[in-house]
$ cat work_39.txt   # compact mmCIF, C-alpha atoms
# COMPACT_ATOMS: atom_id res chain seq x y z
CA MET A 3 135.09 177.55 97.78
CA PHE A 4 137.37 179.98 99.60
CA ASP A 5 135.83 183.47 99.55
CA LEU A 6 138.53 186.03 100.30
CA LYS A 7 136.20 189.01 100.10
CA LYS A 8 133.77 187.44 102.54
CA ILE A 9 136.64 186.83 104.96
CA ARG A 10 137.43 190.54 104.98
CA GLU A 11 133.83 191.64 105.31
CA GLU A 12 132.93 189.23 108.12
CA ASN A 13 136.12 189.79 110.11
CA ASN A 14 136.72 193.47 109.37
CA LEU A 15 140.08 192.80 107.75
CA SER A 16 141.78 194.93 105.14
CA LEU A 17 143.82 193.57 102.26
CA GLU A 18 146.77 195.40 103.75
CA LYS A 19 146.36 193.57 107.06
CA ILE A 20 146.11 190.18 105.35
CA SER A 21 149.14 191.05 103.24
CA GLU A 22 151.15 192.12 106.27
CA THR A 23 150.38 188.90 108.17
CA THR A 24 150.72 186.41 105.31
CA ASN A 25 153.45 188.10 103.22
CA LEU A 26 151.16 187.96 100.18
CA PRO A 27 151.33 191.03 97.89
CA VAL A 28 148.35 193.39 98.14
CA ALA A 29 148.18 193.58 94.34
CA TYR A 30 147.83 189.80 94.15
CA LEU A 31 145.05 189.79 96.77
CA GLU A 32 143.24 192.55 94.86
CA GLU A 33 143.37 190.46 91.66
CA VAL A 34 141.98 187.47 93.59
CA GLU A 35 139.03 189.50 94.83
CA LYS A 36 138.33 190.76 91.30
CA GLY A 37 138.31 187.20 90.01
CA GLU A 38 141.36 187.80 87.84
CA LYS A 39 143.46 185.26 89.75
CA GLU A 40 142.88 182.31 92.06
CA LEU A 41 144.43 181.77 95.45
CA THR A 42 147.23 179.23 95.28
CA THR A 43 147.29 176.35 97.76
CA LYS A 44 150.13 178.03 99.64
CA ALA A 45 148.19 181.31 99.85
CA ILE A 46 145.12 179.53 101.24
CA ASP A 47 147.24 177.80 103.86
CA ARG A 48 148.82 181.08 104.94
CA ILE A 49 145.45 182.83 105.30
CA VAL A 50 143.86 179.93 107.20
CA SER A 51 146.89 179.74 109.49
CA MET A 52 146.60 183.47 110.14
CA LEU A 53 142.92 183.19 111.05
CA SER A 54 143.25 180.04 113.16
CA GLN A 55 146.09 181.50 115.22
CA SER A 56 144.39 184.85 115.77
CA GLN A 57 143.26 185.70 119.29
CA LYS A 58 139.86 186.60 117.81
CA GLY A 59 139.31 182.94 117.02
CA TYR A 60 137.26 183.33 113.83
CA SER A 61 135.18 180.31 114.84
CA ASP A 62 132.70 180.54 111.96
CA CYS A 63 133.82 179.02 108.69
CA THR A 64 131.05 180.46 106.52
CA PHE A 65 133.49 181.59 103.85
CA ILE A 66 134.45 177.97 103.16
CA SER A 67 131.94 175.84 101.26
CA ALA A 68 130.99 172.54 102.87
CA GLU A 69 130.42 170.97 99.45
CA GLY A 70 132.61 167.88 99.15
CA LEU A 71 134.53 168.74 102.32
CA GLY A 72 132.99 165.97 104.41
CA ASP A 73 133.59 163.40 101.67
CA LYS A 74 137.28 164.24 101.62
CA ILE A 75 137.62 164.01 105.39
CA ARG A 76 135.82 160.66 105.42
CA ALA A 77 137.95 159.33 102.54
CA LEU A 78 141.15 160.28 104.36
CA ARG A 79 139.94 158.74 107.62
CA GLU A 80 138.77 155.46 106.10
CA GLU A 81 141.81 155.04 103.88
CA ARG A 82 144.05 155.34 106.92
CA GLY A 83 141.95 152.84 108.87
CA ILE A 84 140.83 155.33 111.51
CA SER A 85 137.41 154.97 113.11
CA LEU A 86 135.18 157.96 113.69
CA GLU A 87 135.34 157.21 117.42
CA GLU A 88 139.15 157.26 117.43
CA MET A 89 139.26 160.52 115.50
CA SER A 90 136.71 162.01 117.89
CA GLN A 91 138.85 161.13 120.91
CA LYS A 92 142.10 162.38 119.38
CA LEU A 93 140.64 165.74 118.36
CA GLY A 94 138.42 166.25 121.39
CA LEU A 95 135.38 166.72 119.15
CA SER A 96 132.05 164.99 119.66
CA LEU A 97 131.16 161.94 117.58
CA SER A 98 127.92 163.52 116.38
CA TYR A 99 129.74 166.71 115.33
CA LEU A 100 132.28 164.83 113.20
CA SER A 101 129.56 162.64 111.75
CA GLU A 102 127.61 165.70 110.65
CA VAL A 103 130.75 167.20 109.13
CA GLU A 104 131.46 164.04 107.12
CA ARG A 105 127.86 163.86 105.92
CA GLY A 106 127.97 167.48 104.78
CA LYS A 107 125.32 168.48 107.29
CA ARG A 108 127.63 170.88 109.07
CA THR A 109 130.56 173.08 108.14
CA PRO A 110 133.40 172.71 110.65
CA SER A 111 134.64 175.75 112.50
CA LEU A 112 137.90 177.13 111.19
CA GLN A 113 139.77 175.89 114.24
CA SER A 114 138.25 172.40 113.90
CA LEU A 115 139.16 172.27 110.22
CA TYR A 116 142.70 173.39 111.05
CA ASN A 117 143.00 170.71 113.75
CA ILE A 118 141.59 168.00 111.46
CA CYS A 119 144.21 168.83 108.85
CA ARG A 120 146.99 168.80 111.44
CA TYR A 121 145.70 165.39 112.58
CA PHE A 122 146.07 164.04 109.03
CA SER A 123 149.33 165.99 108.47
CA ILE A 124 148.00 167.71 105.36
CA PRO A 125 147.63 171.37 104.36
CA VAL A 126 144.15 172.87 104.74
CA SER A 127 144.15 173.83 101.05
CA LEU A 128 144.01 170.14 100.15
CA LEU A 129 140.41 169.99 101.36
CA ILE A 130 139.21 173.30 99.92
CA SER A 131 137.88 173.43 96.38
CA THR A 132 138.60 176.22 93.89
CA PRO A 133 137.17 176.56 90.36
CA ALA A 134 140.35 175.25 88.76
CA LYS A 135 140.36 172.20 91.03
CA MET A 136 136.82 171.16 90.10
CA ARG A 137 138.07 169.65 86.83
CA VAL A 138 140.80 167.57 88.43
CA ILE A 139 138.69 164.52 89.31
CA GLY A 140 137.41 164.20 85.74
CA GLN A 141 140.92 164.50 84.36
CA LYS A 142 142.18 161.77 86.69
CA ILE A 143 139.32 159.43 85.78
CA LYS A 144 139.98 159.89 82.07
CA LEU A 145 143.76 159.56 82.43
CA ASN A 146 143.54 156.31 84.38
CA ARG A 147 140.78 154.91 82.17
CA GLU A 148 142.82 155.50 79.03
CA ALA A 149 145.96 154.13 80.69
CA LYS A 150 144.07 150.85 81.18
CA GLY A 151 142.80 150.88 77.63
CA LEU A 152 139.16 151.14 78.74
CA THR A 153 136.30 152.88 76.96
CA GLN A 154 133.79 154.90 78.95
CA LYS A 155 131.26 152.14 78.35
CA GLN A 156 133.63 149.45 79.67
CA LEU A 157 134.46 151.48 82.80
CA ALA A 158 130.76 152.10 83.36
CA ARG A 159 130.04 148.38 83.22
CA MET A 160 132.90 147.58 85.61
CA SER A 161 131.88 150.22 88.14
CA GLY A 162 128.12 149.76 87.90
CA LEU A 163 127.61 153.30 86.62
CA SER A 164 126.14 154.64 83.40
CA SER A 165 128.41 155.56 80.50
CA GLY A 166 126.62 158.91 80.38
CA LEU A 167 127.66 159.65 83.94
CA ILE A 168 131.27 158.70 83.16
CA ALA A 169 131.24 161.11 80.22
CA GLN A 170 129.81 163.90 82.37
CA LEU A 171 132.37 163.28 85.11
CA GLU A 172 135.28 163.40 82.69
CA ALA A 173 133.91 166.61 81.19
CA ALA A 174 133.58 168.09 84.72
CA LYS A 175 129.86 168.72 84.17
CA VAL A 176 128.82 167.01 87.41
CA GLN A 177 130.46 166.44 90.78
CA PRO A 178 130.57 162.79 91.90
CA SER A 179 129.37 161.50 95.25
CA LEU A 180 131.79 159.61 97.47
CA LYS A 181 129.95 156.38 96.61
CA THR A 182 130.58 157.01 92.90
CA ILE A 183 134.25 157.78 93.60
CA GLU A 184 134.61 154.55 95.58
CA SER A 185 133.16 152.55 92.68
CA LEU A 186 135.48 154.20 90.15
CA ALA A 187 138.55 153.88 92.40
CA GLY A 188 137.91 150.14 92.75
CA SER A 189 137.52 149.66 89.01
CA LEU A 190 140.56 151.76 88.14
CA GLU A 191 142.62 150.21 90.97
CA VAL A 192 143.60 153.57 92.43
CA SER A 193 143.27 155.15 95.86
CA VAL A 194 140.01 156.93 96.71
CA CYS A 195 142.10 159.81 98.05
CA TYR A 196 144.04 159.95 94.78
CA LEU A 197 140.80 160.72 92.96
CA ILE A 198 139.06 162.90 95.50
CA LEU A 199 141.91 165.17 96.62
CA GLU A 200 143.17 168.03 94.48
CA GLN A 201 146.86 167.19 94.45
CA GLU A 202 148.75 170.24 93.29
CA ASP A 203 151.85 169.75 95.37
CA VAL A 204 153.96 167.12 97.12
CA GLU A 205 151.76 167.18 100.23
CA GLY A 206 148.77 166.32 98.07
CA VAL A 207 150.48 163.40 96.41
CA ILE A 208 151.62 161.97 99.75
CA ALA A 209 148.13 162.37 101.22
CA GLY A 210 146.58 160.52 98.31
CA ILE A 211 148.65 157.34 98.38
CA THR A 212 147.79 154.25 100.38
CA PRO A 213 149.08 153.85 103.97
CA GLU A 214 151.22 150.87 102.89
CA LEU A 215 152.94 152.82 100.12
CA ARG A 216 153.36 155.84 102.39
CA GLU A 217 155.15 153.65 104.93
CA LEU A 218 157.31 152.16 102.19
CA LEU A 219 158.48 155.64 101.16
CA TYR A 220 160.16 155.99 104.56
CA GLU A 221 162.30 152.89 104.05
CA PRO A 222 166.01 153.90 103.84
CA LYS A 223 166.58 151.94 100.62
CA VAL A 224 163.56 153.51 98.95
CA GLN A 225 164.66 156.99 99.99
CA MET A 226 168.09 156.25 98.58
CA ILE A 227 166.52 155.37 95.23
CA ILE A 228 164.40 158.53 95.27
CA GLY A 229 167.49 160.57 96.10
CA ASN A 230 169.37 159.02 93.18
CA VAL A 231 166.48 159.76 90.82
CA CYS A 232 166.59 163.42 91.83
CA MET A 233 170.21 163.57 90.68
CA MET A 234 169.58 161.97 87.27
CA GLU A 235 169.50 163.66 83.91
CA LEU A 236 166.14 164.21 82.24
CA GLU A 237 166.71 161.47 79.65
CA ASP A 238 167.47 158.91 82.38
CA ILE A 239 164.30 159.84 84.23
CA LYS A 240 162.31 159.41 81.01
CA LEU A 241 163.73 155.89 80.65
CA ILE A 242 162.58 155.06 84.18
CA MET A 243 159.09 156.44 83.47
CA ASP A 244 158.90 154.39 80.25
CA PHE A 245 159.87 151.27 82.21
CA ILE A 246 157.16 151.93 84.83
CA HIS A 247 154.62 152.46 82.05
CA MET A 248 155.66 149.17 80.48
CA LEU A 249 155.22 147.33 83.80
CA LYS A 250 151.74 148.81 84.30
CA ASN A 251 150.65 147.82 80.80
CA ARG A 252 151.98 144.28 81.28
CA GLN A 253 149.70 143.89 84.29
CA LEU A 254 146.57 144.89 82.35
$ encode --input "work_39.txt" --output "C-alpha cells"
Amino acid sequence: MFDLKKIREENNLSLEKISETTNLPVAYLEEVEKGEKELTTKAIDRIVSMLSQSQKGYSDCTFISAEGLGDKIRALREERGISLEEMSQKLGLSLSYLSEVERGKRTPSLQSLYNICRYFSIPVSLLISTPAKMRVIGQKIKLNREAKGLTQKQLARMSGLSSGLIAQLEAAKVQPSLKTIESLAGSLEVSVCYLILEQEDVEGVIAGITPELRELLYEPKVQMIIGNVCMMELEDIKLIMDFIHMLKNRQL
C-alpha cells in the first residue's frame, strides 16, 4: 500500500509542497488522505520520482508495503530470464539484499525500488498495490478460466489446487502466493506477470507479456499492423477482436 499521509509525516512534507513538485491538485491530495479517492498510477509515479530525486534521499520506504512486492520483482526477473546474480551486478546491490527483497523479508529503500523499476523499464506504480488493485488477480483468473470454458473444479484439478481456493481467489477473499500464481498461469496458458501485475495502463500490459511477444511488437511489420488498427473504425476493430476470439476458441 502507498500511504500518502505517512509520507508527509515521516518526511515533514506539506500537501502544498507535494502539489507544487508533482503538479497534482491539493484538493485531490486531500481527498486521497481522507480515503475519498485513490492515487492513480501516474500520481504514484510522480510522487515516487519526486522523493527519489530529492537531495534528502528518503532512503526508508516504510510507507510502501512489502506485501507481494518481492513476488512481483521475482516474477519479472524470472520471466525475462535474468538471474539474481546478473540483476545484483547491474544494480550494484548485494545478492543477499535482493534475495531478501524477493522473499518479502525486506522492504527495498525507495532509491533501490526506483532503480529496480528503471532496470525493468516499468513505472514504480506497477509494483505497488492499492485497494482497487487487490481484486485484479481474481478477475483475471475468472476471465481466463471462463474464456477456456473451465469450471472452478476443472481449473483446480489442472493446477493442483482446491476448488475452494479458486473460488476465494476469484472473489478476492485471499491473496495468492507466487507458487499458486505459477500453477494457475501454467494451467491457463498465460504469463505469470500478466496475472501478478496490476495492469492499468500500456506500460503494465507491455510489462506483463512474454519476452518473445515483446520483441515481436518491435518488428516493423507488426508495428505497421498496430498503426493501421489505430486508424480503424470501431466496427472494424470489433471484427478483428471477434476473429481473435474465434482463433483462441478453436485452439481449446
$ residues_near_point --input "work_39.txt" --point "(144.5, 194.4, 100.5)" --cutoff "8 Å" --atoms "only C-alpha atoms" --output "list in words"
Ser16, Leu17, Glu18, Lys19, Ile20, Ser21, Val28, Ala29, Leu31 and Glu32 of chain A
$ closest_atom_pairs --input "work_39.txt" --of "region 58-124 of chain A" --to "region 168-184 of chain A" --cutoff "12 Å" --atoms "only C-alpha atoms" --output "tab-separated table"
residue	atom	partner	partner_atom	distance
A:Glu69	CA	A:Gln177	CA	9.8
A:Gly70	CA	A:Ser179	CA	8.1
A:Leu71	CA	A:Leu180	CA	10.7
A:Gly72	CA	A:Leu180	CA	9.5
A:Asp73	CA	A:Leu180	CA	5.9
A:Lys74	CA	A:Leu180	CA	8.3
A:Ile75	CA	A:Leu180	CA	10.8
A:Arg76	CA	A:Leu180	CA	9.0
A:Ala77	CA	A:Leu180	CA	8.0
A:Leu78	CA	A:Leu180	CA	11.6
A:Glu80	CA	A:Glu184	CA	11.3
A:Glu81	CA	A:Glu184	CA	11.0
A:Glu104	CA	A:Leu180	CA	10.6
A:Arg105	CA	A:Leu180	CA	10.2
A:Gly106	CA	A:Ser179	CA	11.3
$ atom_distance --input "work_39.txt" --atom1 "CA of Tyr196 (chain A)" --atom2 "CA of Ile118 (chain A)"
18.7 Å
$ residues_around --input "work_39.txt" --residues "Glu35 (chain A)" --least-positions-apart "3" --cutoff "9 Å" --atoms "all atoms listed in the file" --output "list in words"
Asp5, Leu6, Lys7, Tyr30, Leu31, Glu32, Glu38, Lys39 and Glu40 of chain A
$ atom_distance --input "work_39.txt" --atom1 "CA of Leu241 (chain A)" --atom2 "CA of Glu148 (chain A)"
21.0 Å
$ atom_distance --input "work_39.txt" --atom1 "CA of Lys155 (chain A)" --atom2 "CA of Gly140 (chain A)"
15.4 Å
$ closest_residue --input "work_39.txt" --among "A:Glu88, A:Glu191, A:Glu235, A:Glu12" --to "Tyr121 (chain A)" --atoms "only C-alpha atoms"
A:Glu88
$ closest_residue --input "work_39.txt" --among "A:Ile49, A:Cys195, A:Leu190, A:Ile9" --to "Asn25 (chain A)" --atoms "all atoms listed in the file"
A:Ile49
$ closest_residue --input "work_39.txt" --among "A:Gln154, A:Gln141, A:Ser161, A:Thr109" --to "Leu197 (chain A)" --atoms "only C-alpha atoms"
A:Gln141
